[in-house]
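Trainee: Here you go, this is coords01.txt (compact mmCIF, C-alpha atoms and all ligand atoms).
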# COMPACT_ATOMS: atom_id res chain seq x y z
CA MET H 5 -8.46 31.60 18.74
CA THR H 6 -10.69 32.30 21.75
CA GLU H 7 -13.61 30.49 20.16
CA SER H 8 -11.60 27.26 19.98
CA ARG H 9 -10.53 27.32 23.64
CA GLU H 10 -13.72 25.85 24.99
CA PRO H 11 -13.91 22.82 22.62
CA LEU H 12 -10.19 22.23 23.11
CA ALA H 13 -10.64 22.08 26.90
CA THR H 14 -13.59 19.71 26.43
CA ALA H 15 -11.56 17.45 24.15
CA ILE H 16 -8.65 17.41 26.63
CA ALA H 17 -11.03 16.46 29.45
CA LEU H 18 -12.52 13.65 27.37
CA LEU H 19 -9.10 12.27 26.49
CA ARG H 20 -7.96 12.53 30.08
CA GLU H 21 -10.81 10.28 31.22
CA ALA H 22 -10.55 7.88 28.30
CA ARG H 23 -8.73 4.59 28.47
CA ARG H 24 -9.15 3.48 24.89
CA VAL H 25 -8.76 6.17 22.26
CA VAL H 26 -9.08 5.82 18.49
CA VAL H 27 -7.73 8.51 16.19
CA PHE H 28 -9.02 8.25 12.63
CA SER H 29 -7.05 10.40 10.20
CA GLY H 30 -7.43 11.48 6.61
CA ALA H 31 -5.58 13.61 4.10
CA GLY H 32 -5.83 16.78 6.22
CA LEU H 33 -3.30 15.32 8.67
CA SER H 34 -0.60 15.10 5.99
CA LYS H 35 -1.31 18.35 4.17
CA ALA H 36 1.33 20.28 6.15
CA SER H 37 3.87 17.62 5.08
CA GLY H 38 3.27 18.58 1.46
CA ILE H 39 1.09 15.57 0.58
CA PRO H 40 -1.78 16.94 -1.51
CA THR H 41 -5.30 16.06 -0.42
CA TYR H 42 -7.56 14.27 -2.88
CA ARG H 43 -9.98 17.14 -2.95
CA ASP H 44 -7.51 19.93 -3.58
CA ALA H 45 -7.41 21.33 -7.08
CA ASP H 46 -3.80 20.13 -7.30
CA GLY H 47 -4.71 16.91 -5.54
CA LEU H 48 -3.57 13.42 -6.30
CA TRP H 49 -6.69 12.34 -8.18
CA MET H 50 -7.37 15.57 -10.00
CA ASN H 51 -4.86 15.24 -12.78
CA GLN H 52 -5.11 13.14 -15.89
CA ASN H 53 -2.25 10.80 -14.95
CA ALA H 54 -3.90 9.86 -11.69
CA LEU H 55 -7.13 8.94 -13.44
CA GLN H 56 -5.20 6.82 -15.93
CA TYR H 57 -3.27 4.82 -13.34
CA SER H 58 -5.57 4.44 -10.36
CA HIS H 59 -6.95 1.01 -11.29
CA ALA H 60 -4.86 -2.14 -10.83
CA ASP H 61 -5.84 -3.14 -14.41
CA ASP H 62 -3.86 -0.16 -15.65
CA LEU H 63 -0.70 -2.10 -14.84
CA GLN H 64 -1.52 -4.50 -17.69
CA ARG H 65 -2.76 -1.78 -20.05
CA ASP H 66 0.27 0.50 -19.73
CA PRO H 67 2.97 -1.09 -17.54
CA ALA H 68 5.61 1.59 -18.14
CA GLY H 69 3.24 4.49 -17.50
CA PHE H 70 1.85 2.78 -14.42
CA SER H 71 5.30 2.15 -12.93
CA ARG H 72 6.43 5.69 -13.70
CA PHE H 73 3.33 7.27 -12.15
CA TRP H 74 3.46 5.27 -8.91
CA SER H 75 7.22 5.64 -8.56
CA GLN H 76 6.75 9.41 -8.70
CA ARG H 77 4.08 9.18 -6.00
CA LEU H 78 6.43 7.08 -3.87
CA SER H 79 9.27 9.59 -4.32
CA ALA H 80 6.97 12.42 -3.21
CA VAL H 81 6.03 10.48 -0.10
CA GLU H 82 9.59 9.42 0.70
CA SER H 83 10.82 13.00 0.61
CA ALA H 84 8.00 14.16 2.92
CA ARG H 85 8.55 14.46 6.66
CA PRO H 86 6.08 13.94 9.51
CA ASN H 87 4.59 17.23 10.72
CA PRO H 88 3.74 18.26 14.32
CA GLY H 89 0.33 16.57 13.97
CA HIS H 90 1.89 13.15 13.26
CA LEU H 91 4.39 13.65 16.09
CA ALA H 92 1.63 14.59 18.53
CA LEU H 93 -0.20 11.34 17.72
CA ALA H 94 2.96 9.34 18.38
CA GLN H 95 3.20 11.12 21.72
CA LEU H 96 -0.47 10.36 22.44
CA GLN H 97 0.24 6.69 21.87
CA ARG H 98 3.09 6.81 24.37
CA LEU H 99 0.84 8.48 26.96
CA ARG H 100 -2.08 6.16 26.22
CA PRO H 101 -0.71 2.82 25.00
CA ALA H 102 -4.27 1.59 24.24
CA THR H 103 -4.59 4.25 21.54
CA ARG H 104 -5.31 2.83 18.07
CA LEU H 105 -4.51 4.84 14.98
CA ILE H 106 -6.60 4.28 11.87
CA THR H 107 -5.78 6.18 8.71
CA GLN H 108 -6.94 6.62 5.15
CA ASN H 109 -3.52 7.95 4.23
CA VAL H 110 -1.10 5.84 2.19
CA ASP H 111 1.96 8.02 2.89
CA GLY H 112 3.29 6.05 5.91
CA LEU H 113 3.98 9.30 7.79
CA LEU H 114 2.37 8.13 11.04
CA THR H 115 4.77 5.20 11.18
CA ALA H 116 7.64 7.49 10.19
CA ALA H 117 6.69 9.68 13.18
CA GLY H 118 7.06 6.71 15.53
CA CYS H 119 3.44 5.54 15.72
CA LEU H 120 2.91 1.81 16.24
CA ASP H 121 0.50 -0.68 14.66
CA VAL H 122 -1.12 1.89 12.39
CA LEU H 123 -4.22 0.50 10.69
CA GLU H 124 -3.76 1.69 7.10
CA LEU H 125 -7.19 1.19 5.55
CA HIS H 126 -5.96 2.00 2.06
CA GLY H 127 -2.54 0.38 2.35
CA SER H 128 0.83 2.08 1.99
CA LEU H 129 2.77 3.46 -0.94
CA ARG H 130 5.93 2.44 0.91
CA ARG H 131 5.19 -1.27 0.50
CA TRP H 132 5.10 -2.89 -2.92
CA ARG H 133 3.92 -6.31 -3.95
CA CYS H 134 3.74 -8.61 -6.94
CA ASP H 135 0.24 -9.71 -7.87
CA HIS H 136 1.66 -12.26 -10.32
CA CYS H 137 3.42 -14.50 -7.76
CA GLY H 138 2.36 -12.99 -4.44
CA ASN H 139 5.84 -11.83 -3.46
CA ARG H 140 5.86 -8.99 -0.94
CA ARG H 141 9.60 -8.67 -0.45
CA GLY H 142 11.82 -6.24 -2.27
CA PRO H 143 14.09 -4.88 -3.45
CA TRP H 144 11.97 -3.90 -6.44
CA LEU H 145 14.67 -3.04 -8.95
CA LEU H 146 13.09 -1.05 -11.79
CA ASN H 147 9.76 -1.88 -10.12
CA ARG H 148 10.14 -5.55 -11.00
CA CYS H 149 9.62 -8.57 -8.76
CA LYS H 150 12.96 -10.22 -7.98
CA ARG H 151 11.27 -13.61 -7.74
CA CYS H 152 9.31 -13.81 -11.01
CA GLY H 153 10.32 -10.69 -12.95
CA ALA H 154 6.76 -9.35 -13.30
CA ARG H 155 6.06 -5.68 -12.71
CA ALA H 156 5.27 -4.85 -9.11
CA ARG H 157 2.64 -2.48 -7.77
CA PRO H 158 2.27 -0.43 -4.61
CA ASP H 159 0.39 -2.16 -1.79
CA VAL H 160 -2.42 0.39 -1.85
CA VAL H 161 -6.12 -0.14 -2.41
CA MET H 162 -6.86 1.06 -5.93
CA PHE H 163 -10.24 1.85 -7.44
CA GLY H 164 -12.31 -1.27 -7.88
CA GLU H 165 -10.40 -3.19 -5.19
CA MET H 166 -11.57 -4.35 -1.78
CA LEU H 167 -10.08 -3.08 1.45
CA ASN H 168 -7.95 -5.56 3.38
CA ALA H 169 -10.53 -7.50 5.43
CA GLY H 170 -8.22 -8.02 8.42
CA VAL H 171 -7.31 -4.34 8.68
CA LEU H 172 -10.97 -3.37 8.36
CA LEU H 173 -12.00 -5.83 11.09
CA ASP H 174 -9.33 -4.49 13.44
CA ALA H 175 -10.50 -0.94 12.74
CA ARG H 176 -14.15 -1.82 13.44
CA THR H 177 -13.24 -3.62 16.65
CA ALA H 178 -11.17 -0.64 17.80
CA ALA H 179 -14.06 1.72 17.01
CA GLN H 180 -16.55 -0.41 18.94
CA GLU H 181 -14.29 -0.72 21.99
CA CYS H 182 -13.10 2.88 22.29
CA ASP H 183 -14.13 5.49 24.85
CA VAL H 184 -13.26 8.40 22.56
CA PHE H 185 -13.11 8.41 18.75
CA VAL H 186 -11.28 11.37 17.23
CA VAL H 187 -11.71 12.23 13.54
CA VAL H 188 -8.74 14.23 12.23
CA GLY H 189 -8.53 15.83 8.80
CA SER H 190 -11.06 13.59 7.13
CA THR H 191 -14.50 14.42 5.81
CA ALA H 192 -15.49 10.86 6.81
CA VAL H 193 -18.02 10.54 4.03
CA VAL H 194 -16.55 7.59 2.12
CA TYR H 195 -16.98 3.97 3.25
CA PRO H 196 -15.68 2.74 5.67
CA ALA H 197 -14.68 6.10 7.09
CA ALA H 198 -18.33 7.05 7.30
CA ASP H 199 -19.25 3.96 9.35
CA LEU H 200 -16.45 3.79 11.91
CA PRO H 201 -17.39 6.92 13.91
CA LEU H 202 -21.03 5.78 13.93
CA GLU H 203 -20.01 2.37 15.24
CA ALA H 204 -18.06 4.05 18.03
CA LEU H 205 -21.05 6.26 18.90
CA SER H 206 -23.56 3.44 18.93
CA ALA H 207 -21.27 1.44 21.25
CA GLY H 208 -21.25 4.34 23.72
CA GLY H 209 -18.04 6.10 22.65
CA ARG H 210 -17.73 9.88 22.53
CA LEU H 211 -16.80 11.67 19.34
CA VAL H 212 -14.33 14.51 18.78
CA THR H 213 -13.94 16.09 15.34
CA LEU H 214 -10.91 18.10 14.25
CA ASN H 215 -11.02 19.52 10.75
CA THR H 216 -10.54 22.76 8.85
CA GLU H 217 -14.05 22.52 7.36
CA PRO H 218 -17.39 21.64 8.97
CA LEU H 219 -18.29 17.93 8.94
CA HIS H 220 -21.70 16.29 8.94
CA LEU H 221 -20.43 14.39 12.02
CA ASP H 222 -20.04 17.64 13.99
CA THR H 223 -23.65 17.46 15.18
CA SER H 224 -22.87 14.13 16.91
CA ALA H 225 -19.57 15.29 18.39
CA SER H 226 -18.93 16.14 22.06
CA ALA H 227 -16.19 18.54 20.94
CA VAL H 228 -15.71 20.18 17.53
CA LEU H 229 -12.20 21.54 16.93
CA ARG H 230 -11.95 23.75 13.89
CA GLY H 231 -8.47 24.32 12.47
CA ALA H 232 -5.35 22.64 11.16
CA SER H 233 -4.24 19.37 12.72
CA GLU H 234 -0.56 20.40 12.88
CA ASP H 235 -1.65 23.26 15.12
CA LEU H 236 -4.44 21.68 17.18
CA LEU H 237 -3.03 18.20 17.87
CA PRO H 238 0.10 19.53 19.63
CA ARG H 239 -2.12 21.85 21.71
CA LEU H 240 -4.35 18.90 22.58
CA LEU H 241 -1.33 16.90 23.69
CA ALA H 242 0.13 19.80 25.63
CA GLY H 243 -3.09 19.87 27.63
CA LEU H 244 -3.05 16.12 28.16
CA ALA H 245 0.60 15.47 28.93
CA PRO H 246 1.86 15.98 32.48
CA PRO H 247 4.48 18.76 32.76
CA GLY H 248 7.87 17.56 31.65
CA ALA H 249 6.44 14.73 29.54
CA THR H 250 6.10 16.73 26.37
CA SER H 251 9.29 15.58 24.68
ZN ZN N 301 6.47 -11.92 -8.68
Kindly present the structure from the file in structure tokens form.
Ligand SMILES: [Zn+2]
Mentor:
Amino acid sequence: MTESREPLATAIALLREARRVVVFSGAGLSKASGIPTYRDADGLWMNQNALQYSHADDLQRDPAGFSRFWSQRLSAVESARPNPGHLALAQLQRLRPATRLITQNVDGLLTAAGCLDVLELHGSLRRWRCDHCGNRRGPWLLNRCKRCGARARPDVVMFGEMLNAGVLLDARTAAQECDVFVVVGSTAVVYPAADLPLEALSAGGRLVTLNTEPLHLDTSASAVLRGASEDLLPRLLAGLAPPGATS
């Protein structure tokens, strides 16, 4: 652990001086909560069912299979609990109210941990909607829309769909305005994840990366933290929070 002490101290110093902080998170943040990452061998997209039901068109092709698959995903997410990494980010937001949280995760665990105004780039499994009539209000009994009776779908961005333009604009604005941009548990290689840290850098922001594996962004980072987010984020916050404010 001695090799991580120096970058951790650097990251704490950067956050201490920062007014506007952005934390961009990916699947690595939720791994300790039991949510599989996309790239794991047992990951969400690596089994046959996921490939069959990851396009919105699949709802028309096989409505029953689609509903069953996504209901199972929702159950997995609903039984998961926020881990110390999520809780540390909620604490960061309390210490630094200008902190914006951007995530690729659809599990809703940041909000469950008490985080506010989370920018969910890929939507949330915990919200459903009806594409037939536009209804966004449940309950979704047997995954059907109570207004028109059509089958509902999770409010997540599926393959072949565009990201929500408003959420994306908010994320880009936050990146451009921040003093420090922290990448947590994301390889940041897929659009728009790949662009947001670069936008922050070109607007004069400093970059911190926190990941178990090396990232191509590490060469541009002021501090590179190597390890698990559920371990490092609480340590980061412990260094940032004044004594007695760690609850
Ligand atoms: Zn409907």
Trainee: My list of candidates is H:Gly153, H:Gly164, H:Pro67, H:Gly170. Which is closest to ligand ZN 301 (chain N) when distances are computed with all atoms listed in the file?
Mentor: H:Gly153
Trainee: Can I get the residues close to ligand ZN 301 (chain N) as JSON, numbers by chain, where close means within 7 Å and we count all atoms listed in the file?
Mentor: {"H": [134, 135, 136, 137, 138, 139, 149, 150, 151, 152, 153, 154]}
Trainee: Can you check which parts of stretch 170-198 of chain H lie within 10 Å of stretch 91-111 of chain H? Per residue, the shortest pair of atoms and distance in Å to one decimal, counting all atoms listed in the file, sorted by chain and number, as JSON lines.
Mentor:
{"residue": "H:Val171", "atom": "CA", "partner": "H:Ile106", "partner_atom": "CA", "distance": 9.2}
{"residue": "H:Leu172", "atom": "CA", "partner": "H:Ile106", "partner_atom": "CA", "distance": 9.5}
{"residue": "H:Asp174", "atom": "CA", "partner": "H:Ile106", "partner_atom": "CA", "distance": 9.3}
{"residue": "H:Ala175", "atom": "CA", "partner": "H:Ile106", "partner_atom": "CA", "distance": 6.6}
{"residue": "H:Arg176", "atom": "CA", "partner": "H:Ile106", "partner_atom": "CA", "distance": 9.8}
{"residue": "H:Ala178", "atom": "CA", "partner": "H:Arg104", "partner_atom": "CA", "distance": 6.8}
{"residue": "H:Ala179", "atom": "CA", "partner": "H:Arg104", "partner_atom": "CA", "distance": 8.9}
{"residue": "H:Cys182", "atom": "CA", "partner": "H:Thr103", "partner_atom": "CA", "distance": 8.7}
{"residue": "H:Val184", "atom": "CA", "partner": "H:Thr103", "partner_atom": "CA", "distance": 9.7}
{"residue": "H:Phe185", "atom": "CA", "partner": "H:Arg104", "partner_atom": "CA", "distance": 9.6}
{"residue": "H:Val186", "atom": "CA", "partner": "H:Leu105", "partner_atom": "CA", "distance": 9.7}
{"residue": "H:Val187", "atom": "CA", "partner": "H:Ile106", "partner_atom": "CA", "distance": 9.6}
{"residue": "H:Val188", "atom": "CA", "partner": "H:Thr107", "partner_atom": "CA", "distance": 9.3}
{"residue": "H:Ser190", "atom": "CA", "partner": "H:Gln108", "partner_atom": "CA", "distance": 8.3}
{"residue": "H:Ala192", "atom": "CA", "partner": "H:Gln108", "partner_atom": "CA", "distance": 9.7}
{"residue": "H:Pro196", "atom": "CA", "partner": "H:Gln108", "partner_atom": "CA", "distance": 9.6}
{"residue": "H:Ala197", "atom": "CA", "partner": "H:Gln108", "partner_atom": "CA", "distance": 8.0}
Trainee: Which residue, H:Asn168, H:Ser79, H:Thr14, H:Ser206, has the smallest gap to H:Leu244 when you use all atoms listed in the file?
Mentor: H:Thr14
Trainee: Interatomic distance between atom CA of H:Leu173 and atom CA of H:Leu113?
Mentor: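 Separation between atom CA of H:Leu173 and atom CA of H:Leu113: 22.3 Å.
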Trainee: Taking 2 positions as the minimum chain separation for residues in the same chain, which residues sit within 12 Å of H:Ala80 when counting all atoms listed in the file? Answer as a list in words.
Mentor: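 The filter keeps Ser37, Gly38, Ile39, Pro40, Leu48, Phe73, Trp74, Ser75, Gln76, Arg77, Leu78, Glu82, Ser83, Ala84, Arg85, Val110, Asp111, Gly112, Leu113, Leu129 and Arg130 of chain H.
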Trainee: Would you kindly return, as a compact mmCIF listing (two decimals) with C-alpha atoms, in the frame of the given file, each protein, DNA or RNA residue with an atom no farther than 7 Å from any atom of H:Pro158, considering all atoms listed in the file and excluding same-chain residues fewer than 3 positions away?
Mentor:
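Output contents, as saved in result.txt:
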# COMPACT_ATOMS: atom_id res chain seq x y z
CA LEU H 129 2.77 3.46 -0.94
CA ARG H 131 5.19 -1.27 0.50
CA TRP H 132 5.10 -2.89 -2.92
CA ARG H 133 3.92 -6.31 -3.95
Trainee: What does the structure give for the distance between atom CA of H:Gly231 and atom CA of H:Asn215, in Å to one decimal?
Mentor: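 These two atoms are separated by 5.7 Å.
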Trainee: Can you measure atom CA of H:Asp61 to atom CA of H:Asn147 for me? One decimal in Å is fine.
Mentor: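 Separation of atom CA of H:Asp61 and atom CA of H:Asn147: 16.2 Å.
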Trainee: Please provide as JSON, numbers by chain all residues within 9 Å of H:Ala17, with the sequence filter that same-chain residues fewer than 4 positions apart are discarded (counting only C-alpha atoms).
Mentor: {"H": [12, 13, 21, 22, 243, 244]}
Trainee: If you count all atoms listed in the file, which residues fall within 9 Å of H:His90, apart from same-chain ones fewer than 2 positions away, as a CSV table (one decimal) with C-alpha atoms, keeping the file's coordinate frame?
Mentor:
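Result went into part08.csv, see below:
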chain,number,residue,atom,x,y,z
H,33,LEU,CA,-3.3,15.3,8.7
H,34,SER,CA,-0.6,15.1,6.0
H,86,PRO,CA,6.1,13.9,9.5
H,87,ASN,CA,4.6,17.2,10.7
H,88,PRO,CA,3.7,18.3,14.3
H,92,ALA,CA,1.6,14.6,18.5
H,93,LEU,CA,-0.2,11.3,17.7
H,94,ALA,CA,3.0,9.3,18.4
H,95,GLN,CA,3.2,11.1,21.7
H,113,LEU,CA,4.0,9.3,7.8
H,114,LEU,CA,2.4,8.1,11.0
H,115,THR,CA,4.8,5.2,11.2
H,116,ALA,CA,7.6,7.5,10.2
H,117,ALA,CA,6.7,9.7,13.2
H,118,GLY,CA,7.1,6.7,15.5
H,119,CYS,CA,3.4,5.5,15.7
H,233,SER,CA,-4.2,19.4,12.7
H,234,GLU,CA,-0.6,20.4,12.9
H,237,LEU,CA,-3.0,18.2,17.9
Trainee: Here is a test: counting only C-alpha atoms, which residue of H:Arg157, H:Asp199, H:Gly142, H:Gly32 is nearest to H:Glu217?
Mentor: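 So, comparing all the options, the nearest one is H:Gly32.
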Trainee: Go through H:Leu146, H:Val194, H:Val27, H:Ala54 one by one, measure the shortest atom-to-atom distance of each to H:Val122 using all atoms listed in the file, and give the residue with the smallest value.
Mentor: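 Counting all atoms listed in the file, the residue closest to H:Val122 is H:Val27.
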Trainee: Set the distance at 9 Å and use all atoms listed in the file: which residues neighbour H:Ala15 once local chain neighbours fewer than 3 positions away are removed? I'd like the list as an mmCIF file with C-alpha atoms, in the coordinates of the input.
Mentor:
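Result file is selection.cif:
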data_model
loop_
_atom_site.group_PDB
_atom_site.id
_atom_site.type_symbol
_atom_site.label_atom_id
_atom_site.label_comp_id
_atom_site.auth_asym_id
_atom_site.auth_seq_id
_atom_site.Cartn_x
_atom_site.Cartn_y
_atom_site.Cartn_z
ATOM 1 C CA GLU H 10 -13.720 25.850 24.990
ATOM 2 C CA PRO H 11 -13.910 22.820 22.620
ATOM 3 C CA LEU H 12 -10.190 22.230 23.110
ATOM 4 C CA LEU H 18 -12.520 13.650 27.370
ATOM 5 C CA LEU H 19 -9.100 12.270 26.490
ATOM 6 C CA ARG H 20 -7.960 12.530 30.080
ATOM 7 C CA VAL H 212 -14.330 14.510 18.780
ATOM 8 C CA SER H 226 -18.930 16.140 22.060
ATOM 9 C CA ALA H 227 -16.190 18.540 20.940
ATOM 10 C CA VAL H 228 -15.710 20.180 17.530
ATOM 11 C CA LEU H 229 -12.200 21.540 16.930
ATOM 12 C CA LEU H 240 -4.350 18.900 22.580
#
Trainee: Select all residues near (-18.8, 11.1, 16.9) (cut-off 6 Å, inclusive, file coordinates), counting all atoms listed in the file, and output them as a short mmCIF file (atom, residue, chain, number, x, y, z; two decimals) with C-alpha atoms, in the frame of the given file.
Mentor:
data_model
loop_
_atom_site.label_atom_id
_atom_site.label_comp_id
_atom_site.auth_asym_id
_atom_site.auth_seq_id
_atom_site.Cartn_x
_atom_site.Cartn_y
_atom_site.Cartn_z
CA PRO H 201 -17.39 6.92 13.91
CA LEU H 205 -21.05 6.26 18.90
CA ARG H 210 -17.73 9.88 22.53
CA LEU H 211 -16.80 11.67 19.34
CA VAL H 212 -14.33 14.51 18.78
CA SER H 224 -22.87 14.13 16.91
CA ALA H 225 -19.57 15.29 18.39
#
